[in-house]
Amino acid sequence: MNLLDFLPELLLLAGALLVFLLDVLGVKRLEVFGGIAAAVTALGELVVIGDLGYAPLHALSTIPASAIDQPLGPTLYAFTSLGLVFQAIFLLTAFLVALASLSRPSHEPGAAVFFGLLLLATLGMLLVAVASDLIFLLLAIEVTSLSTYLLVAYPRKEPRPVEAAMKFFIIGALSTALSFFGASLLFGAYGGTSFYALGAATGYVGYPYLATVGYALLIAGLGFKVTAVPFHAWAVDVYDGAPDDVSAFLAGGSKKMGVFAFFLVFLGPLLLAERMPSALPSGFGPSLQITLGVLAVLTMTVGNLLALRQKEMKRMLAYSSISQAGYMLIGVAVGTGPAIAGATFQVFAHLFMKTGAFLVVGAAASIGVGPLIDDWRGLGNRRPSLGVPFALMLLSLAGIPLTVGFVSKFVLFSAAVQAQGYFVWLAVAGLLNSALSVFYYARVLKVMFLEPSPASAGVGATGSGRFGGIGAGRAGAILLATVAIVALGIYPGPVISGIQLAATHFLQIGA
Amino acid sequence: MIYEELAFLLIAAVAIVTALNALLVRELVHTILWVAIFFIDLAALYFLLLAPFLGVLELGVYAGAVTILLLFGVMVTRKRIFSREAATGIGPAPVALAGLSLAFVLLGTEELPQSGSVVHSYDPALLSAQLFNADGPWLILLGLAMLSALAGAIYLVREGRE
Amino acid sequence: MSAFSPAGLLALSGGLLAIGLFGILTRRNFILLLISVEIAINAAVLNFVYFAAFSGSASALSGQAIAVVLIGLAATEVAVGLAIVLALNRLRGSINVAEANALKS
């Protein structure tokens with residue numbers, strides 16, 4: 001084991017420990033902690049991009065190219081290029097959130113805990129992306145979960161966030177128990193927990209029925225993490241009650257972690273099961289695909305239908321986030337190279353759209369805009385610097401051309417159509433849902449740009465000072481997300497081909 | 001061999017009864033007592049399964065630390081120690097769901113050998129070697145989880161000036 | 001050396017999982033919810049221990065190692081859960097989930 005292979009992870013750990021240490025030493029300035037968090041996530045991002053083989057950053061790469069995308073073995077962790085792509089996504093989310101959080105009040109008590117936990121949660125996600133063992137994966141998820149429960153409760157003197165944390169904790173603990181019970185059944189069925197052993201690659205053919213029950217429990221346990229319907233009910237209350245920056249992190253980061261866990265747990269066994277049909281009950285692969293497909297359709301439809309009825313901005317965004325998880329699950333259900341690439345690109349796009357949207361909501365709240373959608377009346381005209389980025393994010397979420405959301409849905413749905421069979425119906429369901437979602441996004445646009453400002457929105461409420469009272473960090477993060485949405489919407493080529501290559505390699509490690 | 005099977009049946013019965021009782025009694029302090037017995041019972045099962053290290057761990061961590069923590073939680077959060085859990089009507093849906101999951105798992109017992117499997121004993125030293133070498137990353141991950149739990153929990157319960 | 005029926009052990013852990021799920025779904029007091037979660041996680045630990053004991057191969061030790069780690073993890077969860085309970089108790093004076101209603105359901 002070469003420690004340097006884990007350079008991004010070590011950077012985050014060092015950053016977290018440094019933040020805690022400085023806090024104990026009496027440095028109580030939010031800018032310092034936030035600066036450290038932003039710096040280590042940015043540095044980690046560069047290292048990961050270097051590891052992915054981007055030539056200009058090659059000097060920073062620490063993982064030898066020969067160690068990436070090796071065939072699965074009975075190890076606890078393994079580097080895959082798809083995992084590295086997800087690491088880049090997680091680090092970018094953490095960077096945006098850290099940057100935006102720099103604009104919180106300077107002498108906020110507990111700022112060190114906020115940024116330290118943010119770094120530890122990201123560290124857990126990075127480790128999920130390198131897992132090649134079920135227990136390693138579940139423990140890494142647990143590192144993130146425990147950190148995020150506490151992050152949600154960060155404003156500890158306010159009832160709403162602490163109650164949200166309690167709900168989050170109960171559901172998270174339930175999901176942990178189900179996942180580990182499923183893992184224990186798989187351990188009994190195959191005599192090991194590495195994905196290599198779970199694919200029965202060791203030649204040990206265990207108890208197929210136990211394996212089926214184990215996978216069913218894992219679908220439930222991990223379904224909570226990706227907010228798949230019917231395991232979604234907690235998400236809206238938690239996103240709603242959590243501080244805006246934490247909601248941005250949850251939607252952009254920890255849900256994506258669940259998506260990658262789905263890739264690892266369900267694609268590996270499917271691929272290996274084709275090679276070793278006796279390892280699983282007959283018909284297991286197809287029925288697993290159908291189950292995941294049904295979950296995907298349910299998730300996007302229910303998410304969209306409930307989003308239509310919301311009156312509050314954050315709850316609307318939370319439901320739309322659930323429906324987006326449904327689109328990503330299409331990639332898992334289809335399971336071909338292009339579909340995985342499509343889902344990954346959807347995850348990548350979602351990072352800018354949804355994280356950005358929650359950051360804008362935070363910015364709006366900081367200049368006195370209320371939680372209701374109606375409170376945003378006329379904001380687009382009053383504050384175009386907020387209204388225009390938010391409009392772009394919503395258009396992208398709806399999948400309007402020239403935004404990254406259109407490209408990602410196009411890649412994903414065309415992959416589903418390519419895969420033939422009933423997967424075509426997944427694409428149809430996705431398209432219908434995209435059309436449905438336009439309604440509630442358009443309603444927000446109408447409220448923001450076509451309706452007059454409420455009389456109460458005086459000059460004072462629109463903020464003052466540099467960056468219009470939003471703060472430089474938050475403004476920068478929003479700008480970055482907006483630019484990425486447009487740039488990737490117009491010229492997505494290089495990123496897509498990189499992700500497609502990674503997805504192709506990912507399918508080969510199981511073979 | 002018959003003694004071991006009898007011992008197992010006894011332990012299993014005690015486990016089910018204490019677990020159910022812990023959730024169904026009305027007095028919270030009684031709940032803690034039942035759950036302590038449940039943990040001790042499980043520790044006995046680990047000894048029976050020739051896993052003494054885990055038995056000791058179960059006694060120390062669960063029957064000891066976790067029980068005390070829970071008792072502490074009850075005492076701090078309730079004005080009267082012997083206060084009651086609000087009576088809740090148990091709807092049919094949760095019971096059906098729990099029963100369904102039980103049936104689901106029980107079906108798995110069909111394909112397992114019904115009796116007479118050999119339990120292997122092992123050297124606890126080998127376990128530590130495994131834990132700290134081959135499976136070391138698991139311990140590191142556990143440590144990370146504990147680090148974030150520590151930092152966050154201290155912050156959350158500290159009486160701060162704000 | 002001793003002999004057991006694996007089927008009986010799996011029935012026991014399945015039963016414990018069901019009891020834990022039942023508790024999580026029906027109880028209102030946070031402490032009882034924590035206990036339900038602990039019972040369910042203990043069912044998983046039990047599975048790991050006896051599947052390890054039966055397999056008798058190199059993976060046996062792995063199963064025991066997982067059980068050790070899992071016990072530590074569950075204890076960590078209790079600590080985090082109690083921290084949230086205490087914070088909520090200070091704010092509300094009650095830890096009944098049903099009475100926590102700042103969030104609309």
# chains A, B, ... in the order shown; residues from 1 in each chain; ligands from 1
>>> interface_residues(of="chain C", to="chain A", cutoff="6 Å", atoms="only C-alpha atoms", output="list of chain:residue names")
C:Ala40, C:Ile41, C:Ala44, C:Asn47, C:Phe48, C:Phe51, C:Ala102
>>> write_last_selection(atoms="N, CA and C atoms", output="tab-separated table (two decimals), in the first residue's frame")
chain	number	residue	atom	x	y	z
C	40	ALA	N	-31.28	-3.98	15.66
C	40	ALA	CA	-31.13	-4.38	14.26
C	40	ALA	C	-29.67	-4.55	13.88
C	41	ILE	N	-28.80	-3.64	14.36
C	41	ILE	CA	-27.38	-3.76	14.02
C	41	ILE	C	-26.79	-5.00	14.69
C	44	ALA	N	-27.15	-7.96	12.60
C	44	ALA	CA	-26.13	-8.07	11.55
C	44	ALA	C	-24.83	-8.59	12.13
C	47	ASN	N	-25.02	-12.26	12.57
C	47	ASN	CA	-24.85	-12.94	11.29
C	47	ASN	C	-23.38	-13.10	10.94
C	48	PHE	N	-22.63	-11.99	11.07
C	48	PHE	CA	-21.21	-12.05	10.71
C	48	PHE	C	-20.49	-13.08	11.57
C	51	PHE	N	-21.69	-16.78	10.58
C	51	PHE	CA	-21.25	-17.20	9.25
C	51	PHE	C	-19.74	-17.42	9.25
C	102	ALA	N	-41.48	21.43	14.07
C	102	ALA	CA	-41.07	22.65	13.39
C	102	ALA	C	-41.07	22.44	11.88
>>> residues_around(residues="segment 303-313 of chain A", least_positions_apart="2", cutoff="10 Å", atoms="only C-alpha atoms", output="ChimeraX atom specification")
/A:227-229,232,240,297-301,315-326,357-358,361,370-376,433-434,436-441,443-444
>>> write_last_selection(atoms="N, CA and C atoms", output="tab-separated table (two decimals), in the first residue's frame")
chain	number	residue	atom	x	y	z
A	227	THR	N	-32.07	8.71	-2.10
A	227	THR	CA	-33.44	9.20	-2.03
A	227	THR	C	-34.32	8.62	-3.13
A	228	ALA	N	-34.18	7.30	-3.35
A	228	ALA	CA	-35.06	6.64	-4.31
A	228	ALA	C	-36.42	6.44	-3.65
A	229	VAL	N	-37.49	6.71	-4.40
A	229	VAL	CA	-38.84	6.41	-3.91
A	229	VAL	C	-38.94	4.90	-3.82
A	232	HIS	N	-37.70	7.96	0.12
A	232	HIS	CA	-37.34	9.34	-0.12
A	232	HIS	C	-37.89	10.30	0.92
A	240	ASP	N	-34.97	20.79	3.74
A	240	ASP	CA	-35.69	22.00	4.11
A	240	ASP	C	-35.17	22.56	5.43
A	297	VAL	N	-38.19	4.89	-12.43
A	297	VAL	CA	-39.40	5.55	-12.93
A	297	VAL	C	-40.22	6.11	-11.78
A	298	LEU	N	-40.40	5.29	-10.71
A	298	LEU	CA	-41.15	5.75	-9.55
A	298	LEU	C	-40.52	7.01	-8.97
A	299	THR	N	-39.19	6.98	-8.84
A	299	THR	CA	-38.50	8.08	-8.19
A	299	THR	C	-38.70	9.37	-8.96
A	300	MET	N	-38.50	9.32	-10.30
A	300	MET	CA	-38.62	10.59	-11.02
A	300	MET	C	-40.06	11.06	-11.08
A	301	THR	N	-41.01	10.13	-11.22
A	301	THR	CA	-42.40	10.56	-11.33
A	301	THR	C	-42.91	11.14	-10.02
A	315	ARG	N	-38.28	23.34	-0.58
A	315	ARG	CA	-38.96	22.06	-0.70
A	315	ARG	C	-39.14	21.69	-2.17
A	316	MET	N	-39.42	22.70	-2.99
A	316	MET	CA	-39.54	22.43	-4.43
A	316	MET	C	-38.21	21.88	-4.97
A	317	LEU	N	-37.11	22.53	-4.58
A	317	LEU	CA	-35.80	22.07	-5.05
A	317	LEU	C	-35.49	20.67	-4.53
A	318	ALA	N	-35.92	20.38	-3.28
A	318	ALA	CA	-35.65	19.06	-2.71
A	318	ALA	C	-36.39	17.99	-3.50
A	319	TYR	N	-37.67	18.24	-3.84
A	319	TYR	CA	-38.41	17.24	-4.63
A	319	TYR	C	-37.81	17.11	-6.01
A	320	SER	N	-37.39	18.24	-6.60
A	320	SER	CA	-36.78	18.14	-7.92
A	320	SER	C	-35.49	17.35	-7.84
A	321	SER	N	-34.80	17.45	-6.69
A	321	SER	CA	-33.58	16.67	-6.50
A	321	SER	C	-33.89	15.18	-6.47
A	322	ILE	N	-35.03	14.83	-5.85
A	322	ILE	CA	-35.44	13.42	-5.83
A	322	ILE	C	-35.68	12.92	-7.26
A	323	SER	N	-36.38	13.76	-8.05
A	323	SER	CA	-36.67	13.30	-9.41
A	323	SER	C	-35.39	13.16	-10.23
A	324	GLN	N	-34.41	14.04	-9.96
A	324	GLN	CA	-33.13	13.92	-10.68
A	324	GLN	C	-32.44	12.61	-10.32
A	325	ALA	N	-32.57	12.18	-9.04
A	325	ALA	CA	-31.99	10.89	-8.65
A	325	ALA	C	-32.59	9.77	-9.49
A	326	GLY	N	-33.88	9.92	-9.84
A	326	GLY	CA	-34.51	8.92	-10.69
A	326	GLY	C	-33.83	8.82	-12.05
A	357	ALA	N	-28.15	25.98	-7.21
A	357	ALA	CA	-29.47	26.50	-6.88
A	357	ALA	C	-29.62	26.69	-5.37
A	358	PHE	N	-29.15	25.70	-4.59
A	358	PHE	CA	-29.25	25.85	-3.14
A	358	PHE	C	-28.38	27.01	-2.65
A	361	VAL	N	-30.30	30.09	-3.22
A	361	VAL	CA	-31.33	30.22	-2.19
A	361	VAL	C	-30.71	30.79	-0.91
A	370	GLY	N	-37.81	35.70	1.58
A	370	GLY	CA	-38.45	34.68	2.40
A	370	GLY	C	-38.40	33.30	1.77
A	371	PRO	N	-38.89	32.29	2.51
A	371	PRO	CA	-38.79	30.91	2.03
A	371	PRO	C	-39.81	30.55	0.95
A	372	LEU	N	-40.89	31.32	0.81
A	372	LEU	CA	-41.92	30.94	-0.16
A	372	LEU	C	-41.51	31.31	-1.58
A	373	ILE	N	-42.03	30.58	-2.55
A	373	ILE	CA	-41.74	30.91	-3.94
A	373	ILE	C	-42.29	32.30	-4.25
A	374	ASP	N	-43.44	32.62	-3.63
A	374	ASP	CA	-44.03	33.94	-3.88
A	374	ASP	C	-43.16	35.08	-3.37
A	375	ASP	N	-42.30	34.76	-2.38
A	375	ASP	CA	-41.40	35.80	-1.87
A	375	ASP	C	-40.37	36.22	-2.91
A	376	TRP	N	-40.22	35.40	-3.95
A	376	TRP	CA	-39.21	35.70	-4.98
A	376	TRP	C	-39.78	36.59	-6.08
A	433	ASN	N	-41.18	12.91	-17.97
A	433	ASN	CA	-40.94	13.58	-16.70
A	433	ASN	C	-40.25	14.91	-16.89
A	434	SER	N	-39.32	14.96	-17.86
A	434	SER	CA	-38.66	16.24	-18.11
A	434	SER	C	-39.69	17.28	-18.53
A	436	LEU	N	-42.83	17.27	-17.77
A	436	LEU	CA	-43.63	17.60	-16.59
A	436	LEU	C	-42.90	18.61	-15.71
A	437	SER	N	-41.58	18.42	-15.58
A	437	SER	CA	-40.83	19.27	-14.65
A	437	SER	C	-40.76	20.71	-15.14
A	438	VAL	N	-40.90	20.89	-16.46
A	438	VAL	CA	-40.84	22.26	-16.99
A	438	VAL	C	-41.88	23.15	-16.32
A	439	PHE	N	-43.05	22.54	-15.96
A	439	PHE	CA	-44.12	23.34	-15.37
A	439	PHE	C	-43.66	24.07	-14.13
A	440	TYR	N	-43.07	23.31	-13.18
A	440	TYR	CA	-42.78	24.00	-11.93
A	440	TYR	C	-41.54	24.89	-12.03
A	441	TYR	N	-40.61	24.55	-12.92
A	441	TYR	CA	-39.48	25.47	-13.10
A	441	TYR	C	-39.96	26.77	-13.76
A	443	ARG	N	-42.84	28.07	-13.56
A	443	ARG	CA	-43.62	28.88	-12.63
A	443	ARG	C	-42.69	29.79	-11.83
A	444	VAL	N	-41.54	29.24	-11.40
A	444	VAL	CA	-40.60	30.06	-10.65
A	444	VAL	C	-40.07	31.19	-11.53
>>> closest_residue(among="A:Leu412, A:Ala477, A:Asp69, A:Val347", to="Ala38 of chain A", atoms="only C-alpha atoms")
A:Ala477
>>> residues_around(residues="Tyr50 of chain C", least_positions_apart="5", cutoff="8 Å", atoms="only C-alpha atoms", output="JSON, numbers by chain")
{"B": [49], "C": [6, 9]}
>>> write_last_selection(atoms="N, CA and C atoms", output="CSV table (one decimal), in the first residue's frame")
chain,number,residue,atom,x,y,z
B,49,LEU,N,-20.6,-19.7,20.5
B,49,LEU,CA,-20.1,-19.8,19.2
B,49,LEU,C,-18.6,-19.8,19.1
C,6,PRO,N,-27.3,-23.8,11.5
C,6,PRO,CA,-27.3,-22.5,10.9
C,6,PRO,C,-28.6,-21.9,10.7
C,9,LEU,N,-29.9,-20.2,13.7
C,9,LEU,CA,-29.3,-19.0,14.0
C,9,LEU,C,-29.7,-17.9,13.0
>>> closest_residue(among="A:Thr148, A:Ser103, A:Gln508, A:Gln418", to="Ala153 of chain B", atoms="only C-alpha atoms")
A:Thr148
>>> select_by_dssp(residues="segment 267-500 of chain A", states="helix (DSSP H, G or I)", output="NGL selection string")
:A and (267-275 or 277-279 or 284-308 or 313-334 or 337-366 or 373-376 or 379-382 or 384-398 or 404-418 or 423-450 or 460-462 or 466-469 or 472-490 or 493-500)
>>> residues_around(residues="segment 57-67 of chain B", least_positions_apart="2", cutoff="10 Å", atoms="only C-alpha atoms", output="VMD selection string")
(chain B and resid 32 to 33 35 to 44 46 52 to 55 69 to 73) or (chain C and resid 35 38 42 67 to 68 71 to 72 74 to 76 78 to 79)
>>> write_last_selection(atoms="C-alpha atoms", output="short mmCIF file (atom, residue, chain, number, x, y, z; two decimals), in the first residue's frame")
data_model
loop_
_atom_site.label_atom_id
_atom_site.label_comp_id
_atom_site.auth_asym_id
_atom_site.auth_seq_id
_atom_site.Cartn_x
_atom_site.Cartn_y
_atom_site.Cartn_z
CA ILE B 32 -32.87 -0.04 29.65
CA LEU B 33 -32.85 -3.02 32.00
CA VAL B 35 -31.93 -4.16 26.76
CA ALA B 36 -29.02 -4.79 29.14
CA ILE B 37 -30.20 -8.37 29.60
CA PHE B 38 -30.52 -8.65 25.82
CA PHE B 39 -26.88 -7.63 25.33
CA ILE B 40 -25.64 -10.02 28.02
CA ASP B 41 -27.64 -12.79 26.39
CA LEU B 42 -26.02 -12.08 23.02
CA ALA B 43 -22.59 -12.14 24.68
CA ALA B 44 -23.41 -15.60 25.99
CA TYR B 46 -20.88 -15.45 21.21
CA PRO B 52 -14.92 -15.29 23.23
CA PHE B 53 -13.27 -12.05 22.14
CA LEU B 54 -16.53 -10.82 20.67
CA GLY B 55 -18.38 -11.99 23.73
CA LEU B 69 -25.06 5.96 27.86
CA LEU B 70 -28.71 5.20 27.21
CA LEU B 71 -29.54 5.35 30.89
CA PHE B 72 -27.75 8.67 31.04
CA GLY B 73 -29.75 9.89 28.07
CA ILE C 35 -32.46 0.94 21.00
CA GLU C 38 -29.05 -1.17 18.09
CA ASN C 42 -26.79 -6.51 16.58
CA ALA C 67 -18.11 -7.85 13.82
CA VAL C 68 -15.54 -6.01 15.96
CA ILE C 71 -19.71 -3.02 17.33
CA GLY C 72 -17.49 0.06 17.45
CA ALA C 74 -22.82 1.08 16.48
CA ALA C 75 -21.46 2.57 19.70
CA THR C 76 -20.38 5.66 17.74
CA VAL C 78 -25.35 5.86 19.85
CA ALA C 79 -23.05 8.68 20.88
#
>>> closest_residue(among="A:Val24, A:Leu210, A:Val130, A:Met353", to="chain B", atoms="only C-alpha atoms")
A:Leu210
>>> residues_around(residues="Ala134 of chain B", least_positions_apart="4", cutoff="9 Å", atoms="only C-alpha atoms", output="VMD selection string")
(chain A and resid 76) or (chain B and resid 129 to 130) or (chain C and resid 62)
>>> closest_residue(among="B:Val17, B:Leu147, B:Ala7, B:Leu142", to="chain C", atoms="only C-alpha atoms")
B:Leu142
>>> atom_distance(atom1="atom CA of Glu159 of chain B", atom2="atom CA of Val152 of chain A")
18.3 Å
>>> atom_distance(atom1="atom CA of His30 of chain B", atom2="atom CA of Gly20 of chain C")
17.5 Å
>>> residues_around(residues="Ser254 of chain A", least_positions_apart="6", cutoff="9 Å", atoms="only C-alpha atoms", output="MDAnalysis selection string")
chainID A and resid 90 121:122 125 141 144:145 148 225:226
>>> residues_around(residues="Ile499 of chain A", least_positions_apart="6", cutoff="9 Å", atoms="only C-alpha atoms", output="VMD selection string")
chain A and resid 81 to 82 85 340 to 342 344 to 345
>>> closest_residue(among="B:Ala145, B:Ile11, B:Ile2, B:Leu126", to="chain A", atoms="only C-alpha atoms")
B:Ala145
>>> decode(residues="segment 48-78 of chain A", atoms="N, CA and C atoms", output="short mmCIF file (atom, residue, chain, number, x, y, z; two decimals), in the first residue's frame")
data_model
loop_
_atom_site.label_atom_id
_atom_site.label_comp_id
_atom_site.auth_asym_id
_atom_site.auth_seq_id
_atom_site.Cartn_x
_atom_site.Cartn_y
_atom_site.Cartn_z
N VAL A 48 -6.55 14.93 -8.28
CA VAL A 48 -7.41 13.91 -8.89
C VAL A 48 -7.46 14.08 -10.40
N ILE A 49 -7.55 15.33 -10.85
CA ILE A 49 -7.59 15.55 -12.30
C ILE A 49 -6.27 15.10 -12.92
N GLY A 50 -5.17 15.34 -12.20
CA GLY A 50 -3.88 14.85 -12.68
C GLY A 50 -3.87 13.33 -12.77
N ASP A 51 -4.41 12.68 -11.74
CA ASP A 51 -4.46 11.22 -11.75
C ASP A 51 -5.30 10.70 -12.89
N LEU A 52 -6.30 11.48 -13.30
CA LEU A 52 -7.17 11.05 -14.39
C LEU A 52 -6.45 11.12 -15.73
N GLY A 53 -5.25 11.69 -15.74
CA GLY A 53 -4.47 11.68 -16.96
C GLY A 53 -4.53 12.97 -17.75
N TYR A 54 -5.00 14.05 -17.10
CA TYR A 54 -5.02 15.34 -17.79
C TYR A 54 -3.59 15.86 -17.83
N ALA A 55 -3.03 15.98 -19.02
CA ALA A 55 -1.58 16.17 -19.19
C ALA A 55 -1.00 17.37 -18.42
N PRO A 56 -1.61 18.56 -18.50
CA PRO A 56 -0.97 19.71 -17.84
C PRO A 56 -0.80 19.53 -16.34
N LEU A 57 -1.64 18.68 -15.73
CA LEU A 57 -1.53 18.49 -14.28
C LEU A 57 -0.83 17.19 -13.94
N HIS A 58 -0.16 16.62 -14.93
CA HIS A 58 0.42 15.30 -14.73
C HIS A 58 1.44 15.29 -13.59
N ALA A 59 2.13 16.42 -13.41
CA ALA A 59 3.14 16.48 -12.37
C ALA A 59 2.55 16.23 -10.99
N LEU A 60 1.24 16.54 -10.84
CA LEU A 60 0.61 16.40 -9.52
C LEU A 60 0.13 14.98 -9.26
N SER A 61 0.03 14.17 -10.31
CA SER A 61 -0.59 12.86 -10.13
C SER A 61 0.30 11.98 -9.27
N THR A 62 -0.34 11.19 -8.41
CA THR A 62 0.43 10.34 -7.50
C THR A 62 0.15 8.87 -7.72
N ILE A 63 -0.97 8.55 -8.35
CA ILE A 63 -1.28 7.14 -8.57
C ILE A 63 -0.66 6.73 -9.90
N PRO A 64 0.20 5.71 -9.92
CA PRO A 64 0.75 5.28 -11.20
C PRO A 64 -0.37 4.78 -12.12
N ALA A 65 -0.24 5.13 -13.41
CA ALA A 65 -1.30 4.76 -14.36
C ALA A 65 -1.53 3.26 -14.36
N SER A 66 -0.49 2.49 -14.02
CA SER A 66 -0.65 1.03 -14.04
C SER A 66 -1.53 0.53 -12.90
N ALA A 67 -1.79 1.40 -11.91
CA ALA A 67 -2.59 0.96 -10.77
C ALA A 67 -4.07 1.26 -10.97
N ILE A 68 -4.40 1.98 -12.06
CA ILE A 68 -5.79 2.36 -12.27
C ILE A 68 -6.45 1.38 -13.23
N ASP A 69 -7.72 1.06 -12.96
CA ASP A 69 -8.51 0.18 -13.82
C ASP A 69 -7.93 -1.21 -13.96
N GLN A 70 -7.36 -1.72 -12.89
CA GLN A 70 -6.91 -3.11 -12.91
C GLN A 70 -8.12 -4.03 -12.73
N PRO A 71 -8.03 -5.28 -13.22
CA PRO A 71 -9.13 -6.22 -12.98
C PRO A 71 -9.36 -6.39 -11.49
N LEU A 72 -10.62 -6.56 -11.10
CA LEU A 72 -10.98 -6.70 -9.69
C LEU A 72 -10.24 -7.86 -9.05
N GLY A 73 -9.76 -7.64 -7.85
CA GLY A 73 -9.16 -8.71 -7.08
C GLY A 73 -9.76 -8.70 -5.69
N PRO A 74 -9.33 -9.62 -4.83
CA PRO A 74 -9.90 -9.66 -3.48
C PRO A 74 -9.28 -8.60 -2.58
N THR A 75 -9.34 -7.36 -2.98
CA THR A 75 -8.74 -6.28 -2.20
C THR A 75 -9.83 -5.46 -1.54
N LEU A 76 -9.42 -4.57 -0.64
CA LEU A 76 -10.40 -3.71 0.02
C LEU A 76 -10.67 -2.46 -0.78
N TYR A 77 -9.66 -1.98 -1.53
CA TYR A 77 -9.88 -0.78 -2.32
C TYR A 77 -9.16 -0.92 -3.65
N ALA A 78 -9.62 -0.19 -4.64
CA ALA A 78 -9.01 -0.25 -5.96
C ALA A 78 -9.31 1.07 -6.66
#
